[in-house]
$ cat structure.cif   # mmCIF, C-alpha atoms
data_upload
#
loop_
_atom_site.label_atom_id
_atom_site.label_comp_id
_atom_site.auth_asym_id
_atom_site.auth_seq_id
_atom_site.Cartn_x
_atom_site.Cartn_y
_atom_site.Cartn_z
CA MET A 1172 -5.11 -148.19 -25.09
CA ASP A 1173 -7.45 -145.97 -27.04
CA GLU A 1174 -8.53 -143.52 -24.34
CA ARG A 1175 -10.91 -141.45 -26.46
CA LEU A 1176 -12.77 -144.48 -27.82
CA ALA A 1177 -12.89 -145.99 -24.33
CA ARG A 1178 -14.63 -142.88 -22.95
CA GLN A 1179 -17.12 -142.87 -25.80
CA ILE A 1180 -17.92 -146.52 -25.22
CA ALA A 1181 -18.29 -146.01 -21.47
CA PHE A 1182 -20.99 -143.44 -22.26
CA ILE A 1183 -22.69 -145.70 -24.82
CA LEU A 1184 -22.85 -148.47 -22.22
CA GLN A 1185 -24.33 -146.07 -19.66
CA LEU A 1186 -27.07 -145.32 -22.18
CA ASP A 1187 -28.32 -148.84 -21.62
CA GLN A 1188 -29.87 -147.69 -18.37
CA LEU A 1189 -32.36 -145.47 -20.22
CA LYS A 1190 -33.97 -148.70 -21.47
CA GLY A 1191 -35.04 -149.25 -17.87
CA VAL A 1192 -36.51 -145.79 -17.19
CA LEU A 1193 -40.28 -146.14 -17.47
CA ARG A 1194 -42.64 -143.39 -18.54
CA ARG A 1195 -46.33 -143.09 -17.64
CA THR A 1196 -47.37 -143.72 -21.22
CA ARG A 1197 -48.03 -147.27 -22.37
CA VAL A 1198 -46.90 -148.77 -25.65
CA LEU A 1199 -49.78 -149.57 -27.99
CA HIS A 1200 -49.46 -153.31 -28.50
CA GLU A 1201 -48.41 -154.69 -25.12
CA PRO A 1202 -49.64 -154.19 -21.57
CA ARG A 1203 -46.53 -152.38 -20.41
CA ARG A 1204 -45.18 -148.88 -19.91
CA GLU A 1205 -42.94 -147.27 -22.47
CA ASN A 1206 -39.27 -146.73 -21.67
CA SER A 1207 -37.42 -143.52 -22.44
CA ALA A 1208 -35.00 -145.14 -24.91
CA GLU A 1209 -37.67 -146.43 -27.28
CA HIS A 1210 -39.57 -143.14 -26.84
CA SER A 1211 -36.48 -141.21 -27.93
CA TRP A 1212 -36.16 -143.37 -31.04
CA GLN A 1213 -39.76 -142.78 -32.04
CA LEU A 1214 -39.34 -139.02 -31.61
CA ALA A 1215 -36.25 -139.04 -33.82
CA VAL A 1216 -38.08 -140.72 -36.71
CA MET A 1217 -41.03 -138.39 -36.08
CA ALA A 1218 -38.67 -135.40 -36.35
CA LEU A 1219 -37.46 -136.59 -39.76
CA LEU A 1220 -41.04 -136.84 -41.01
CA LEU A 1221 -42.71 -133.83 -39.41
CA ALA A 1222 -39.98 -131.18 -39.56
CA GLU A 1223 -41.79 -129.75 -42.58
CA HIS A 1224 -44.70 -128.82 -40.31
CA ALA A 1225 -42.61 -126.66 -37.96
CA ASP A 1226 -43.88 -123.08 -37.91
CA GLU A 1227 -40.40 -121.74 -38.56
CA PRO A 1228 -37.84 -123.52 -40.75
CA VAL A 1229 -35.77 -125.84 -38.56
CA ASP A 1230 -32.44 -127.62 -38.93
CA THR A 1231 -33.89 -131.15 -38.89
CA GLU A 1232 -30.63 -132.81 -37.89
CA ARG A 1233 -30.34 -130.56 -34.86
CA VAL A 1234 -33.88 -131.49 -33.85
CA VAL A 1235 -33.01 -135.18 -34.28
CA ARG A 1236 -29.92 -134.81 -32.07
CA MET A 1237 -31.93 -133.01 -29.41
CA VAL A 1238 -34.66 -135.62 -29.20
CA LEU A 1239 -32.10 -138.44 -29.19
CA LEU A 1240 -30.44 -136.86 -26.15
CA HIS A 1241 -33.28 -135.07 -24.35
CA ASP A 1242 -34.01 -137.85 -21.85
CA VAL A 1243 -30.46 -139.11 -21.18
CA VAL A 1244 -30.43 -137.23 -17.85
CA GLU A 1245 -33.23 -139.53 -16.66
CA ILE A 1246 -30.59 -142.25 -16.26
CA ASP A 1247 -29.70 -140.53 -12.98
CA ALA A 1248 -32.75 -138.34 -12.37
CA GLY A 1249 -35.66 -140.60 -13.40
CA ASP A 1250 -38.73 -139.58 -15.35
CA THR A 1251 -41.17 -136.94 -14.08
CA PHE A 1252 -44.82 -137.09 -14.97
CA VAL A 1253 -45.67 -134.01 -16.96
CA TYR A 1254 -48.84 -133.41 -14.90
CA ALA A 1255 -47.00 -133.53 -11.53
CA GLU A 1256 -46.47 -129.79 -11.05
CA GLY A 1257 -44.89 -129.64 -7.58
CA GLU A 1258 -42.15 -132.07 -8.52
CA ARG A 1259 -40.78 -130.04 -11.40
CA GLU A 1260 -38.32 -127.76 -9.58
CA ARG A 1261 -36.55 -130.50 -7.59
CA GLN A 1262 -36.39 -132.52 -10.77
CA LYS A 1263 -34.66 -129.67 -12.60
CA ALA A 1264 -31.83 -129.63 -10.07
CA ARG A 1265 -31.42 -133.41 -10.23
CA GLU A 1266 -31.31 -133.28 -14.03
CA GLN A 1267 -28.59 -130.64 -14.02
CA GLU A 1268 -26.41 -132.83 -11.83
CA ALA A 1269 -27.16 -135.78 -14.08
CA ALA A 1270 -26.16 -133.83 -17.17
CA ASP A 1271 -22.84 -132.86 -15.58
CA ARG A 1272 -22.04 -136.44 -14.62
CA LEU A 1273 -23.25 -138.20 -17.75
CA PHE A 1274 -21.98 -135.84 -20.44
CA GLY A 1275 -18.79 -135.56 -18.36
CA LEU A 1276 -18.06 -139.20 -19.19
CA LEU A 1277 -17.40 -138.20 -22.80
CA PRO A 1278 -14.32 -136.59 -24.32
CA ASP A 1279 -14.61 -132.87 -23.51
CA ASP A 1280 -15.50 -131.69 -27.01
CA GLN A 1281 -18.33 -134.17 -27.44
CA GLY A 1282 -19.52 -133.80 -23.86
CA ASP A 1283 -19.80 -130.02 -24.32
CA LEU A 1284 -21.68 -130.48 -27.58
CA PHE A 1285 -24.20 -132.90 -26.07
CA HIS A 1286 -24.58 -130.83 -22.92
CA GLY A 1287 -25.26 -127.78 -25.07
CA LEU A 1288 -27.97 -129.58 -27.04
CA TRP A 1289 -29.65 -130.68 -23.82
CA VAL A 1290 -29.55 -127.14 -22.36
CA GLU A 1291 -30.98 -125.79 -25.62
CA PHE A 1292 -33.80 -128.34 -25.54
CA GLU A 1293 -34.62 -127.55 -21.92
CA ALA A 1294 -34.66 -123.79 -22.53
CA GLY A 1295 -37.01 -124.22 -25.48
CA GLU A 1296 -36.10 -120.89 -27.03
CA THR A 1297 -34.65 -121.74 -30.44
CA ALA A 1298 -36.91 -122.83 -33.28
CA GLU A 1299 -35.34 -126.30 -33.13
CA ALA A 1300 -35.90 -126.64 -29.38
CA ARG A 1301 -39.51 -125.44 -29.63
CA PHE A 1302 -40.20 -127.99 -32.32
CA ALA A 1303 -38.37 -130.79 -30.49
CA ARG A 1304 -40.42 -130.03 -27.38
CA ALA A 1305 -43.59 -130.06 -29.44
CA LEU A 1306 -42.77 -133.58 -30.65
CA ASP A 1307 -41.97 -134.70 -27.10
CA ARG A 1308 -45.43 -133.58 -26.01
CA ALA A 1309 -47.26 -134.74 -29.13
CA MET A 1310 -46.18 -138.38 -28.98
CA PRO A 1311 -47.79 -139.20 -25.61
CA VAL A 1312 -51.01 -137.50 -26.77
CA LEU A 1313 -51.02 -139.79 -29.81
CA LEU A 1314 -50.26 -142.89 -27.73
CA ASN A 1315 -52.87 -142.00 -25.14
CA TYR A 1316 -55.52 -141.32 -27.75
CA HIS A 1317 -54.81 -144.53 -29.66
CA GLY A 1318 -54.63 -146.41 -26.35
CA ARG A 1319 -58.17 -145.17 -25.51
CA GLY A 1320 -56.91 -142.70 -22.95
CA HIS A 1321 -55.18 -145.31 -20.82
CA ALA A 1322 -52.73 -143.10 -18.90
CA TRP A 1323 -55.21 -140.19 -18.70
CA ARG A 1324 -57.79 -142.42 -17.08
CA GLN A 1325 -55.29 -144.20 -14.84
CA HIS A 1326 -53.92 -140.94 -13.44
CA GLY A 1327 -57.19 -139.02 -13.38
CA VAL A 1328 -55.98 -136.36 -15.80
CA ARG A 1329 -58.67 -134.04 -17.18
CA ALA A 1330 -59.08 -132.43 -20.59
CA ALA A 1331 -58.33 -128.90 -19.35
CA GLN A 1332 -54.97 -130.07 -17.97
CA VAL A 1333 -54.13 -131.93 -21.16
CA ARG A 1334 -54.95 -128.86 -23.26
CA ALA A 1335 -52.97 -126.52 -20.99
CA VAL A 1336 -49.86 -128.68 -20.68
CA ASN A 1337 -49.79 -129.51 -24.37
CA SER A 1338 -50.56 -126.07 -25.72
CA VAL A 1339 -46.76 -125.64 -26.03
CA ILE A 1340 -47.07 -127.94 -29.05
CA GLY A 1341 -48.59 -124.90 -30.75
CA ARG A 1342 -45.38 -122.96 -30.11
CA GLY A 1343 -43.53 -125.41 -32.39
CA SER A 1344 -46.18 -126.40 -34.92
CA ALA A 1345 -49.63 -124.88 -35.19
CA ARG A 1346 -50.54 -127.54 -37.74
CA LEU A 1347 -49.64 -130.45 -35.47
CA TRP A 1348 -51.41 -128.85 -32.50
CA ALA A 1349 -54.59 -128.31 -34.56
CA TYR A 1350 -54.51 -131.99 -35.54
CA LEU A 1351 -54.06 -133.11 -31.93
CA GLN A 1352 -56.78 -130.82 -30.59
CA GLU A 1353 -59.24 -132.65 -32.83
CA LEU A 1354 -58.10 -135.91 -31.26
CA LEU A 1355 -58.57 -134.46 -27.77
CA ASP A 1356 -62.11 -133.35 -28.60
CA ASP A 1357 -62.81 -136.81 -29.94
CA ALA A 1358 -61.29 -138.43 -26.81
CA VAL A 1359 -63.65 -136.36 -24.65
CA ALA A 1360 -66.61 -137.33 -26.85
CA ARG A 1361 -65.70 -141.00 -26.53
CA GLY A 1362 -65.27 -140.81 -22.76
CA TRP A 1363 -61.50 -141.55 -22.81
CA LEU A 1364 -60.72 -138.14 -21.31
CA ALA A 1365 -62.83 -136.45 -18.64
CA GLU A 1366 -63.95 -132.90 -19.41
CA MET B 875 -58.62 -133.16 -43.23
CA ASP B 876 -54.85 -132.97 -43.42
CA GLU B 877 -54.13 -136.01 -45.60
CA ARG B 878 -50.34 -135.69 -45.63
CA LEU B 879 -50.05 -135.32 -41.86
CA ALA B 880 -52.51 -138.19 -41.37
CA ARG B 881 -50.31 -140.53 -43.45
CA GLN B 882 -47.21 -139.49 -41.55
CA ILE B 883 -48.92 -140.12 -38.23
CA ALA B 884 -50.23 -143.50 -39.38
CA PHE B 885 -46.61 -144.51 -40.02
CA ILE B 886 -45.43 -143.10 -36.68
CA LEU B 887 -48.11 -145.14 -34.89
CA GLN B 888 -47.03 -148.29 -36.79
CA LEU B 889 -43.53 -147.71 -35.46
CA ASP B 890 -44.87 -148.58 -32.03
CA GLN B 891 -44.78 -152.23 -33.01
CA LEU B 892 -40.98 -152.19 -33.19
CA LYS B 893 -41.00 -151.76 -29.40
CA GLY B 894 -42.32 -155.32 -29.27
CA VAL B 895 -39.80 -156.96 -31.61
CA LEU B 896 -37.28 -158.74 -29.39
CA ARG B 897 -33.65 -159.34 -30.27
CA ARG B 898 -31.42 -162.11 -28.92
CA THR B 899 -29.29 -159.64 -27.04
CA ARG B 900 -30.18 -158.76 -23.47
CA VAL B 901 -30.17 -155.28 -21.98
CA LEU B 902 -27.49 -154.81 -19.35
CA HIS B 903 -29.45 -153.91 -16.25
CA GLU B 904 -32.58 -156.05 -16.40
CA PRO B 905 -33.22 -159.74 -17.08
CA ARG B 906 -34.96 -159.17 -20.40
CA ARG B 907 -34.22 -159.13 -24.10
CA GLU B 908 -33.62 -155.90 -25.96
CA ASN B 909 -36.23 -154.63 -28.39
CA SER B 910 -35.38 -153.24 -31.81
CA ALA B 911 -36.70 -149.74 -31.05
CA GLU B 912 -34.40 -149.09 -28.09
CA HIS B 913 -31.55 -150.76 -30.01
CA SER B 914 -32.06 -148.32 -32.90
CA TRP B 915 -31.92 -145.38 -30.50
CA GLN B 916 -28.65 -146.55 -28.97
CA LEU B 917 -27.12 -146.96 -32.44
CA ALA B 918 -28.15 -143.44 -33.41
CA VAL B 919 -26.38 -141.89 -30.43
CA MET B 920 -23.43 -144.19 -31.08
CA ALA B 921 -23.29 -142.92 -34.66
CA LEU B 922 -23.06 -139.32 -33.46
CA LEU B 923 -20.16 -140.20 -31.19
CA LEU B 924 -18.18 -142.68 -33.27
CA ALA B 925 -18.53 -141.29 -36.80
CA GLU B 926 -15.03 -139.84 -36.38
CA HIS B 927 -13.66 -143.40 -36.28
CA ALA B 928 -15.06 -144.41 -39.67
CA ASP B 929 -12.29 -145.43 -42.05
CA GLU B 930 -13.62 -143.11 -44.73
CA PRO B 931 -15.24 -139.75 -43.96
CA VAL B 932 -19.00 -140.27 -43.57
CA ASP B 933 -22.03 -138.01 -43.62
CA THR B 934 -22.98 -138.53 -39.98
CA GLU B 935 -26.59 -137.50 -40.42
CA ARG B 936 -27.07 -140.05 -43.18
CA VAL B 937 -25.65 -142.74 -40.90
CA VAL B 938 -28.03 -141.62 -38.14
CA ARG B 939 -31.02 -141.82 -40.48
CA MET B 940 -29.99 -145.28 -41.64
CA VAL B 941 -29.65 -146.71 -38.16
CA LEU B 942 -32.93 -145.12 -37.07
CA LEU B 943 -34.70 -146.89 -39.94
CA HIS B 944 -32.68 -150.07 -40.47
CA ASP B 945 -34.92 -152.34 -38.38
CA VAL B 946 -38.35 -150.88 -39.22
CA VAL B 947 -39.01 -153.80 -41.61
CA GLU B 948 -38.91 -156.12 -38.58
CA ILE B 949 -42.39 -154.82 -37.71
CA ASP B 950 -43.68 -157.22 -40.37
CA ALA B 951 -40.71 -159.55 -40.84
CA GLY B 952 -39.43 -160.09 -37.29
CA ASP B 953 -35.82 -160.20 -36.15
CA THR B 954 -33.35 -162.80 -37.44
CA PHE B 955 -30.51 -164.02 -35.30
CA VAL B 956 -27.27 -163.04 -36.99
CA TYR B 957 -25.80 -166.53 -36.43
CA ALA B 958 -28.78 -168.34 -38.04
CA GLU B 959 -27.34 -168.76 -41.55
CA GLY B 960 -30.06 -170.80 -43.27
CA GLU B 961 -32.76 -168.33 -42.32
CA ARG B 962 -31.19 -165.33 -44.03
CA GLU B 963 -32.53 -165.72 -47.58
CA ARG B 964 -36.18 -166.23 -46.63
CA GLN B 965 -35.85 -163.31 -44.29
CA LYS B 966 -34.59 -161.07 -47.09
CA ALA B 967 -37.75 -161.68 -49.13
CA ARG B 968 -39.98 -161.02 -46.11
CA GLU B 969 -38.12 -157.79 -45.40
CA GLN B 970 -38.54 -156.53 -48.93
CA GLU B 971 -42.30 -157.01 -48.71
CA ALA B 972 -42.29 -155.30 -45.33
CA ALA B 973 -40.39 -152.32 -46.72
CA ASP B 974 -42.91 -151.95 -49.54
CA ARG B 975 -45.86 -152.02 -47.17
CA LEU B 976 -44.46 -149.91 -44.35
CA PHE B 977 -42.72 -147.17 -46.31
CA GLY B 978 -45.76 -147.21 -48.60
CA LEU B 979 -47.82 -145.82 -45.73
CA LEU B 980 -45.95 -142.53 -46.03
CA PRO B 981 -46.44 -139.72 -48.54
CA ASP B 982 -44.62 -140.85 -51.70
CA ASP B 983 -41.64 -138.49 -51.43
CA GLN B 984 -40.86 -139.47 -47.84
CA GLY B 985 -41.60 -143.15 -48.43
CA ASP B 986 -39.15 -143.21 -51.34
CA LEU B 987 -36.50 -141.46 -49.26
CA PHE B 988 -36.85 -143.89 -46.34
CA HIS B 989 -37.02 -146.91 -48.64
CA GLY B 990 -33.84 -145.72 -50.35
CA LEU B 991 -32.02 -145.39 -47.03
CA TRP B 992 -33.05 -148.90 -46.05
CA VAL B 993 -31.90 -150.36 -49.41
CA GLU B 994 -28.60 -148.51 -49.06
CA PHE B 995 -28.10 -149.89 -45.56
CA GLU B 996 -28.89 -153.44 -46.68
CA ALA B 997 -26.53 -153.24 -49.66
CA GLY B 998 -23.71 -152.01 -47.45
CA GLU B 999 -21.77 -150.49 -50.31
CA THR B 1000 -21.55 -146.78 -49.49
CA ALA B 1001 -19.18 -145.54 -46.78
CA GLU B 1002 -22.21 -144.54 -44.69
CA ALA B 1003 -23.86 -147.96 -45.02
CA ARG B 1004 -20.63 -149.80 -44.20
CA PHE B 1005 -20.21 -147.71 -41.08
CA ALA B 1006 -23.88 -148.03 -40.08
CA ARG B 1007 -23.61 -151.81 -40.45
CA ALA B 1008 -20.43 -151.79 -38.37
CA LEU B 1009 -22.31 -150.06 -35.54
CA ASP B 1010 -25.20 -152.51 -35.83
CA ARG B 1011 -22.76 -155.38 -35.33
CA ALA B 1012 -20.63 -153.66 -32.71
CA MET B 1013 -23.40 -152.92 -30.24
CA PRO B 1014 -24.40 -156.56 -29.55
CA VAL B 1015 -20.72 -157.45 -29.12
CA LEU B 1016 -20.45 -154.73 -26.48
CA LEU B 1017 -23.66 -155.82 -24.75
CA ASN B 1018 -22.69 -159.46 -24.83
CA TYR B 1019 -19.22 -158.78 -23.49
CA HIS B 1020 -20.51 -156.54 -20.69
CA GLY B 1021 -23.26 -159.07 -19.98
CA ARG B 1022 -20.61 -161.77 -19.47
CA GLY B 1023 -21.37 -163.43 -22.79
CA HIS B 1024 -25.00 -164.09 -21.95
CA ALA B 1025 -26.44 -164.54 -25.47
CA TRP B 1026 -23.27 -166.27 -26.73
CA ARG B 1027 -23.50 -168.85 -23.97
CA GLN B 1028 -27.26 -169.24 -24.24
CA HIS B 1029 -27.13 -169.92 -27.99
CA GLY B 1030 -23.88 -171.90 -27.99
CA VAL B 1031 -22.08 -169.43 -30.24
CA ARG B 1032 -18.31 -169.91 -30.54
CA ALA B 1033 -15.48 -167.41 -30.87
CA ALA B 1034 -14.70 -168.30 -34.50
CA GLN B 1035 -18.31 -167.56 -35.49
CA VAL B 1036 -18.32 -164.28 -33.59
CA ARG B 1037 -15.06 -163.22 -35.24
CA ALA B 1038 -16.27 -164.24 -38.72
CA VAL B 1039 -19.72 -162.64 -38.52
CA ASN B 1040 -18.40 -159.45 -36.98
CA SER B 1041 -15.35 -158.99 -39.16
CA VAL B 1042 -17.55 -156.72 -41.31
CA ILE B 1043 -17.09 -154.18 -38.53
CA GLY B 1044 -13.58 -153.83 -39.92
CA ARG B 1045 -15.05 -152.76 -43.27
CA GLY B 1046 -16.51 -149.68 -41.57
CA SER B 1047 -14.01 -148.90 -38.84
CA ALA B 1048 -10.68 -150.66 -38.35
CA ARG B 1049 -10.26 -148.80 -35.08
CA LEU B 1050 -13.55 -150.01 -33.63
CA TRP B 1051 -12.94 -153.56 -34.81
CA ALA B 1052 -9.48 -153.61 -33.20
CA TYR B 1053 -11.04 -152.45 -29.94
CA LEU B 1054 -13.72 -155.14 -30.07
CA GLN B 1055 -11.29 -157.92 -30.96
CA GLU B 1056 -9.50 -157.22 -27.70
CA LEU B 1057 -12.81 -157.66 -25.89
CA LEU B 1058 -13.41 -160.96 -27.71
CA ASP B 1059 -9.98 -162.25 -26.71
CA ASP B 1060 -10.73 -161.25 -23.15
CA ALA B 1061 -14.18 -162.91 -23.28
CA VAL B 1062 -12.50 -166.17 -24.36
CA ALA B 1063 -9.93 -165.85 -21.57
CA ARG B 1064 -12.71 -165.33 -19.02
CA GLY B 1065 -14.74 -168.28 -20.28
CA TRP B 1066 -17.69 -166.14 -21.52
CA LEU B 1067 -17.11 -167.24 -25.11
CA ALA B 1068 -16.06 -170.75 -26.12
CA GLU B 1069 -12.99 -171.01 -28.36
#

$ encode --input "structure.cif" --output "structure tokens"
Amino acid sequence: MDERLARQIAFILQLDQLKGVLRRTRVLHEPRRENSAEHSWQLAVMALLLAEHADEPVDTERVVRMVLLHDVVEIDAGDTFVYAEGERERQKAREQEAADRLFGLLPDDQGDLFHGLWVEFEAGETAEARFARALDRAMPVLLNYHGRGHAWRQHGVRAAQVRAVNSVIGRGSARLWAYLQELLDDAVARGWLAE
Amino acid sequence: MDERLARQIAFILQLDQLKGVLRRTRVLHEPRRENSAEHSWQLAVMALLLAEHADEPVDTERVVRMVLLHDVVEIDAGDTFVYAEGERERQKAREQEAADRLFGLLPDDQGDLFHGLWVEFEAGETAEARFARALDRAMPVLLNYHGRGHAWRQHGVRAAQVRAVNSVIGRGSARLWAYLQELLDDAVARGWLAE
């Protein structure tokens, strides 16, 4: 029995549950919410393309690994809406437990590596983590804008909140944040986002 | 106007359509088919974990990029069931057109890079492509086995076909293929896969 491979595959099978964790954002071409697995994929391709716009040079592959893994904890802890302030602290504790359990399924060396990438992403202090977090915030802005503000309208989110919460995009890429701010202004002008 | 960023974002928004391309395989924890976006994410994490089992040393990051991009052409060309032999040639032509259109949305340098990775994956001749293709075949075997042979039973697929089609896994990783063959034997013994 190949114990190492068996542990790796047990983890890969657990990943399947992230396909059932729904975010507030909707996909563009179907009337359904996006799940965290497909979101993570889109961020990874986005990282490959947009790494050149990071304010500081980043190790693209490290950014890709971070975005691939950043939501795995939601398998146990669920997704938290970025505009739900009060919930954030309890969620943090749940996510730490989730990280211990889930990455603990892996062989120790790989579990430590993945756990480290998740902690780095959460802390948001390295250039790679700042940029990965910028992508994670940018994608829902893009989907909301191109979905005519669907989730903003549904949840009564206002422009000032959107600008405040997403200003961290500017900590990873001023260029990307400038681009998105134009979209937000346009969304307000079109009535998709309440000022 | 930031022309380069606008082209990159146009491509990223097109990617959203892959979330609506359904495969024959079902996800494990819901009664629904898997889409190609979430499948690509699972393969990318799988690549990070299992690259050490490739028969030849592989550049893991290149494998990750390939699996992230390998199904993007399905946005225009749709998914083809791996056991539908007659369909494969027509599908190849459709996929080539799709690659031209989709990767053509990107700035030339990035479009060429992505197109090259897709061609390399399809050809399956480099160590990275052989291993990426092994993962792409291995994942549905795992999902089918752990879903009690759901798609095999639904589509009347037999063990000899499964062994023949998936023997290419052994061209990328003998170790992984040995592991999966045990699962196939067990699936036959349990009546989830007809001999």

$ resolve_selection --input "structure.cif" --expression "the PyMOL selection byres ((chain A) within 7 of (chain B))" --output "list in words"
Gln1179, Ile1183, Asp1187, Gln1188, Lys1190, Val1198, Leu1199, His1200, Ala1208, Glu1209, Ser1211, Trp1212, Val1216, Met1217, Leu1220, Glu1232 and Leu1239 of chain A

$ write_last_selection --input "structure.cif" --atoms "C-alpha atoms" --output "PDB file, in the coordinates of the input"
ATOM      1  CA  GLN A1179     -17.120-142.870 -25.800  1.00  0.00           C
ATOM      2  CA  ILE A1183     -22.690-145.700 -24.820  1.00  0.00           C
ATOM      3  CA  ASP A1187     -28.320-148.840 -21.620  1.00  0.00           C
ATOM      4  CA  GLN A1188     -29.870-147.690 -18.370  1.00  0.00           C
ATOM      5  CA  LYS A1190     -33.970-148.700 -21.470  1.00  0.00           C
ATOM      6  CA  VAL A1198     -46.900-148.770 -25.650  1.00  0.00           C
ATOM      7  CA  LEU A1199     -49.780-149.570 -27.990  1.00  0.00           C
ATOM      8  CA  HIS A1200     -49.460-153.310 -28.500  1.00  0.00           C
ATOM      9  CA  ALA A1208     -35.000-145.140 -24.910  1.00  0.00           C
ATOM     10  CA  GLU A1209     -37.670-146.430 -27.280  1.00  0.00           C
ATOM     11  CA  SER A1211     -36.480-141.210 -27.930  1.00  0.00           C
ATOM     12  CA  TRP A1212     -36.160-143.370 -31.040  1.00  0.00           C
ATOM     13  CA  VAL A1216     -38.080-140.720 -36.710  1.00  0.00           C
ATOM     14  CA  MET A1217     -41.030-138.390 -36.080  1.00  0.00           C
ATOM     15  CA  LEU A1220     -41.040-136.840 -41.010  1.00  0.00           C
ATOM     16  CA  GLU A1232     -30.630-132.810 -37.890  1.00  0.00           C
ATOM     17  CA  LEU A1239     -32.100-138.440 -29.190  1.00  0.00           C
TER      18      LEU A1239
END

$ resolve_selection --input "structure.cif" --expression "the PyMOL selection byres ((chain A and resi 1307) around 9)" --output "ChimeraX atom specification"
/A:1210-1211,1214,1238,1302-1306,1308-1311,1340

$ atom_distance --input "structure.cif" --atom1 "atom CA of Pro905 of chain B" --atom2 "atom CA of Arg1064 of chain B"
21.3 Å

$ resolve_selection --input "structure.cif" --expression "the PyMOL selection byres ((chain B and resi 957-974) around 12)" --output "PyMOL selection string"
chain B and resi 898+943-956+975-980+982+985-993+996-997+1011+1025-1026+1029-1040

$ atom_distance --input "structure.cif" --atom1 "atom CA of Gly1021 of chain B" --atom2 "atom CA of Glu1056 of chain B"
15.9 Å

$ axis_aligned_box --input "structure.cif" --around "segment 966-976 of chain B" --padding-each-side "5 Å" --output "AutoDock Vina command-line options"
--center_x -40.2 --center_y -155.8 --center_z -46.9 --size_x 21.3 --size_y 21.8 --size_z 15.2

$ closest_residue --input "structure.cif" --among "B:Ala1003, B:Asp929, B:Glu994, B:His1024" --to "Arg907 of chain B" --atoms "all atoms listed in the file"
B:His1024

$ residues_around --input "structure.cif" --residues "Ala1001 of chain B" --least-positions-apart "3" --cutoff "8 Å" --atoms "all atoms listed in the file" --output "ChimeraX atom specification"
/B:930-932,998,1004-1005,1046

$ atom_distance --input "structure.cif" --atom1 "atom CA of Val1359 of chain A" --atom2 "atom CA of Arg1324 of chain A"
11.3 Å

$ decode --input "structure.cif" --residues "segment 1260-1269 of chain A" --atoms "N, CA, C and O atoms" --output "tab-separated table (two decimals), in the first residue's frame"
chain	number	residue	atom	x	y	z
A	1260	GLU	N	-14.36	37.91	12.47
A	1260	GLU	CA	-13.48	37.37	13.51
A	1260	GLU	C	-13.78	35.89	13.80
A	1260	GLU	O	-12.88	35.07	13.88
A	1261	ARG	N	-15.08	35.58	13.94
A	1261	ARG	CA	-15.46	34.18	14.17
A	1261	ARG	C	-14.99	33.32	13.00
A	1261	ARG	O	-14.54	32.20	13.17
A	1262	GLN	N	-15.13	33.87	11.80
A	1262	GLN	CA	-14.74	33.15	10.61
A	1262	GLN	C	-13.24	32.82	10.62
A	1262	GLN	O	-12.82	31.74	10.23
A	1263	LYS	N	-12.46	33.76	11.10
A	1263	LYS	CA	-11.00	33.56	11.15
A	1263	LYS	C	-10.65	32.34	12.00
A	1263	LYS	O	-9.80	31.53	11.62
A	1264	ALA	N	-11.31	32.21	13.13
A	1264	ALA	CA	-11.04	31.07	14.02
A	1264	ALA	C	-11.46	29.76	13.34
A	1264	ALA	O	-10.73	28.76	13.39
A	1265	ARG	N	-12.62	29.77	12.72
A	1265	ARG	CA	-13.08	28.57	12.01
A	1265	ARG	C	-12.12	28.18	10.90
A	1265	ARG	O	-11.85	27.01	10.67
A	1266	GLU	N	-11.59	29.18	10.20
A	1266	GLU	CA	-10.68	28.89	9.09
A	1266	GLU	C	-9.36	28.31	9.57
A	1266	GLU	O	-8.76	27.47	8.91
A	1267	GLN	N	-8.91	28.78	10.74
A	1267	GLN	CA	-7.66	28.22	11.27
A	1267	GLN	C	-7.82	26.74	11.61
A	1267	GLN	O	-6.95	25.93	11.31
A	1268	GLU	N	-8.94	26.41	12.23
A	1268	GLU	CA	-9.21	24.99	12.50
A	1268	GLU	C	-9.29	24.18	11.21
A	1268	GLU	O	-8.80	23.05	11.13
A	1269	ALA	N	-9.94	24.77	10.22
A	1269	ALA	CA	-10.09	24.08	8.93
A	1269	ALA	C	-8.73	23.83	8.30
A	1269	ALA	O	-8.47	22.74	7.76
